[in-house]
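Worksheet: one structure, shown below.
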Amino acid sequence: MSDIMSAEARSRLMSKIRSKNTKPEVRLRKALWHRGLRYRLHADLAGKPDVAFLGPKVAVFIDGCFWHGCPEHGQLPKQNRKFWREKINSNTTRDEQVRAMLEGAGWKVLRFWEHEIRRDLSAVVSAVESAVATGR
Ligand SMILES: [Zn+2]
């Protein structure tokens with residue numbers, strides 16, 4: 001099984017896809033801010049939530065459809081399938097561990113697909129809002 005992409009090209013691609021402040025995150029933050037919700041970015045918690053509400057203990061993650069294996073958009077590239085499958089499986093395993101750790105520490109964990117932000121941002125905002133309200 002040969003590796004088509006050079007290590008350099010792959011790391012460039014990965015850092016591009018994985019970079020912080022990806023668009024869906026920014027859109028969600030702006031919308032939450034607009035609703036008067038004040039959050040902490042990249043709080044020092046397991047899994048580094050994209051948005052965290054320290055008081056009510058609500059941690060929000062936006063999962064990239066590709067990186068976290070979205071059932072709708074998580075199609076593996078044709079090249080290097082094995083590599084990608086392992087990579088994404090390890091991401092989803094880590095997602096589950098992060099959830100377990102945070103929930104064990106009394107946090108409510110919300111995970112959304114990036115496509116949910118694109119498709120229905122206000123539904124996502126409402127879900128966060130009600131979790132925060134409940135935690136207060
Ligand atoms: Zn998706």
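By order in the structure tokens, chains are A, B, ...; within a chain, residues start at 1; ligands start at 1, following the order shown.
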Write out as a PyMOL selection string each polymer residue (protein, DNA or RNA) that has an atom no more than 12 Å from ligand 1, with only C-alpha atoms and all ligand atoms counted.
-> chain A and resi 24+62-75+112-119
Taking the chain letters and numbering used in this document, name the residues of segment 10-81 of chain A that DSSP puts in helix (DSSP H, G or I), as a PDB file with N, CA, C and O atoms, in the first residue's frame.
```pdb
ATOM      1  N   ARG A  10       0.642  16.111   3.265  1.00  0.00           N
ATOM      2  CA  ARG A  10      -0.423  15.676   4.156  1.00  0.00           C
ATOM      3  C   ARG A  10      -0.515  16.580   5.381  1.00  0.00           C
ATOM      4  O   ARG A  10      -1.601  16.964   5.793  1.00  0.00           O
ATOM      5  N   SER A  11       0.627  16.923   5.934  1.00  0.00           N
ATOM      6  CA  SER A  11       0.542  17.738   7.145  1.00  0.00           C
ATOM      7  C   SER A  11       0.011  19.129   6.809  1.00  0.00           C
ATOM      8  O   SER A  11      -0.669  19.742   7.604  1.00  0.00           O
ATOM      9  N   ARG A  12       0.313  19.591   5.609  1.00  0.00           N
ATOM     10  CA  ARG A  12      -0.246  20.879   5.204  1.00  0.00           C
ATOM     11  C   ARG A  12      -1.774  20.772   5.092  1.00  0.00           C
ATOM     12  O   ARG A  12      -2.503  21.603   5.611  1.00  0.00           O
ATOM     13  N   LEU A  13      -2.221  19.704   4.449  1.00  0.00           N
ATOM     14  CA  LEU A  13      -3.659  19.493   4.305  1.00  0.00           C
ATOM     15  C   LEU A  13      -4.332  19.377   5.669  1.00  0.00           C
ATOM     16  O   LEU A  13      -5.351  19.996   5.938  1.00  0.00           O
ATOM     17  N   MET A  14      -3.714  18.571   6.550  1.00  0.00           N
ATOM     18  CA  MET A  14      -4.337  18.335   7.840  1.00  0.00           C
ATOM     19  C   MET A  14      -4.405  19.609   8.670  1.00  0.00           C
ATOM     20  O   MET A  14      -5.404  19.864   9.324  1.00  0.00           O
ATOM     21  N   SER A  15      -3.346  20.402   8.634  1.00  0.00           N
ATOM     22  CA  SER A  15      -3.396  21.603   9.459  1.00  0.00           C
ATOM     23  C   SER A  15      -4.406  22.592   8.909  1.00  0.00           C
ATOM     24  O   SER A  15      -5.018  23.356   9.641  1.00  0.00           O
ATOM     25  N   LYS A  16      -4.593  22.531   7.603  1.00  0.00           N
ATOM     26  CA  LYS A  16      -5.587  23.402   6.997  1.00  0.00           C
ATOM     27  C   LYS A  16      -6.996  23.012   7.446  1.00  0.00           C
ATOM     28  O   LYS A  16      -7.802  23.853   7.821  1.00  0.00           O
ATOM     29  N   ILE A  17      -7.262  21.721   7.414  1.00  0.00           N
ATOM     30  CA  ILE A  17      -8.595  21.259   7.772  1.00  0.00           C
ATOM     31  C   ILE A  17      -8.835  21.411   9.268  1.00  0.00           C
ATOM     32  O   ILE A  17      -9.917  21.727   9.717  1.00  0.00           O
ATOM     33  N   ARG A  18      -7.788  21.215  10.054  1.00  0.00           N
ATOM     34  CA  ARG A  18      -7.973  21.120  11.482  1.00  0.00           C
ATOM     35  C   ARG A  18      -7.861  22.472  12.188  1.00  0.00           C
ATOM     36  O   ARG A  18      -8.083  22.570  13.385  1.00  0.00           O
ATOM     37  N   LYS A  23     -14.759  27.964  10.249  1.00  0.00           N
ATOM     38  CA  LYS A  23     -15.952  28.762  10.012  1.00  0.00           C
ATOM     39  C   LYS A  23     -17.181  28.386  10.843  1.00  0.00           C
ATOM     40  O   LYS A  23     -17.790  29.276  11.432  1.00  0.00           O
ATOM     41  N   PRO A  24     -17.552  27.120  10.893  1.00  0.00           N
ATOM     42  CA  PRO A  24     -18.753  26.799  11.683  1.00  0.00           C
ATOM     43  C   PRO A  24     -18.610  27.211  13.151  1.00  0.00           C
ATOM     44  O   PRO A  24     -19.572  27.686  13.755  1.00  0.00           O
ATOM     45  N   GLU A  25     -17.404  27.054  13.700  1.00  0.00           N
ATOM     46  CA  GLU A  25     -17.186  27.483  15.093  1.00  0.00           C
ATOM     47  C   GLU A  25     -17.440  28.972  15.256  1.00  0.00           C
ATOM     48  O   GLU A  25     -18.065  29.402  16.217  1.00  0.00           O
ATOM     49  N   VAL A  26     -16.893  29.730  14.331  1.00  0.00           N
ATOM     50  CA  VAL A  26     -17.025  31.180  14.404  1.00  0.00           C
ATOM     51  C   VAL A  26     -18.494  31.584  14.277  1.00  0.00           C
ATOM     52  O   VAL A  26     -18.984  32.448  15.015  1.00  0.00           O
ATOM     53  N   ARG A  27     -19.186  30.936  13.367  1.00  0.00           N
ATOM     54  CA  ARG A  27     -20.609  31.261  13.195  1.00  0.00           C
ATOM     55  C   ARG A  27     -21.392  30.977  14.467  1.00  0.00           C
ATOM     56  O   ARG A  27     -22.249  31.769  14.867  1.00  0.00           O
ATOM     57  N   LEU A  28     -21.098  29.838  15.077  1.00  0.00           N
ATOM     58  CA  LEU A  28     -21.824  29.509  16.302  1.00  0.00           C
ATOM     59  C   LEU A  28     -21.507  30.508  17.412  1.00  0.00           C
ATOM     60  O   LEU A  28     -22.401  30.993  18.096  1.00  0.00           O
ATOM     61  N   ARG A  29     -20.233  30.827  17.568  1.00  0.00           N
ATOM     62  CA  ARG A  29     -19.852  31.777  18.618  1.00  0.00           C
ATOM     63  C   ARG A  29     -20.533  33.120  18.454  1.00  0.00           C
ATOM     64  O   ARG A  29     -21.022  33.698  19.410  1.00  0.00           O
ATOM     65  N   LYS A  30     -20.526  33.604  17.223  1.00  0.00           N
ATOM     66  CA  LYS A  30     -21.167  34.891  16.970  1.00  0.00           C
ATOM     67  C   LYS A  30     -22.637  34.842  17.331  1.00  0.00           C
ATOM     68  O   LYS A  30     -23.175  35.765  17.941  1.00  0.00           O
ATOM     69  N   ALA A  31     -23.286  33.747  16.943  1.00  0.00           N
ATOM     70  CA  ALA A  31     -24.716  33.619  17.213  1.00  0.00           C
ATOM     71  C   ALA A  31     -24.980  33.538  18.718  1.00  0.00           C
ATOM     72  O   ALA A  31     -25.925  34.147  19.225  1.00  0.00           O
ATOM     73  N   LEU A  32     -24.123  32.814  19.434  1.00  0.00           N
ATOM     74  CA  LEU A  32     -24.302  32.697  20.885  1.00  0.00           C
ATOM     75  C   LEU A  32     -24.095  34.052  21.567  1.00  0.00           C
ATOM     76  O   LEU A  32     -24.857  34.440  22.454  1.00  0.00           O
ATOM     77  N   TRP A  33     -23.076  34.731  21.114  1.00  0.00           N
ATOM     78  CA  TRP A  33     -22.768  36.056  21.666  1.00  0.00           C
ATOM     79  C   TRP A  33     -23.954  36.997  21.466  1.00  0.00           C
ATOM     80  O   TRP A  33     -24.348  37.747  22.349  1.00  0.00           O
ATOM     81  N   HIS A  34     -24.515  36.898  20.278  1.00  0.00           N
ATOM     82  CA  HIS A  34     -25.680  37.694  19.908  1.00  0.00           C
ATOM     83  C   HIS A  34     -26.862  37.453  20.833  1.00  0.00           C
ATOM     84  O   HIS A  34     -27.668  38.338  21.084  1.00  0.00           O
ATOM     85  N   ARG A  81      -7.177   4.676   2.064  1.00  0.00           N
ATOM     86  CA  ARG A  81      -8.353   4.408   2.872  1.00  0.00           C
ATOM     87  C   ARG A  81      -8.034   3.934   4.285  1.00  0.00           C
ATOM     88  O   ARG A  81      -8.663   4.353   5.251  1.00  0.00           O
TER      89      ARG A  81
END
```
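Here the question is which of A:Leu41, A:Val51, A:Val58, A:Gly36 gets nearest to Leu102 of chain A using only C-alpha atoms, and that residue is A:Val58.
Atom CA of Val60 of chain A to atom CA of Leu110 of chain A spans 4.8 Å [interatomic distance, one decimal].
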Considering only C-alpha atoms, return as a ChimeraX atom specification whatever protein or nucleic-acid residues lie within 10 Å of Gly47 of chain A, sequence-local ones (same chain, fewer than 4 positions apart) excluded.
-> /A:42-43,59,61,94-95,97-99,101-102
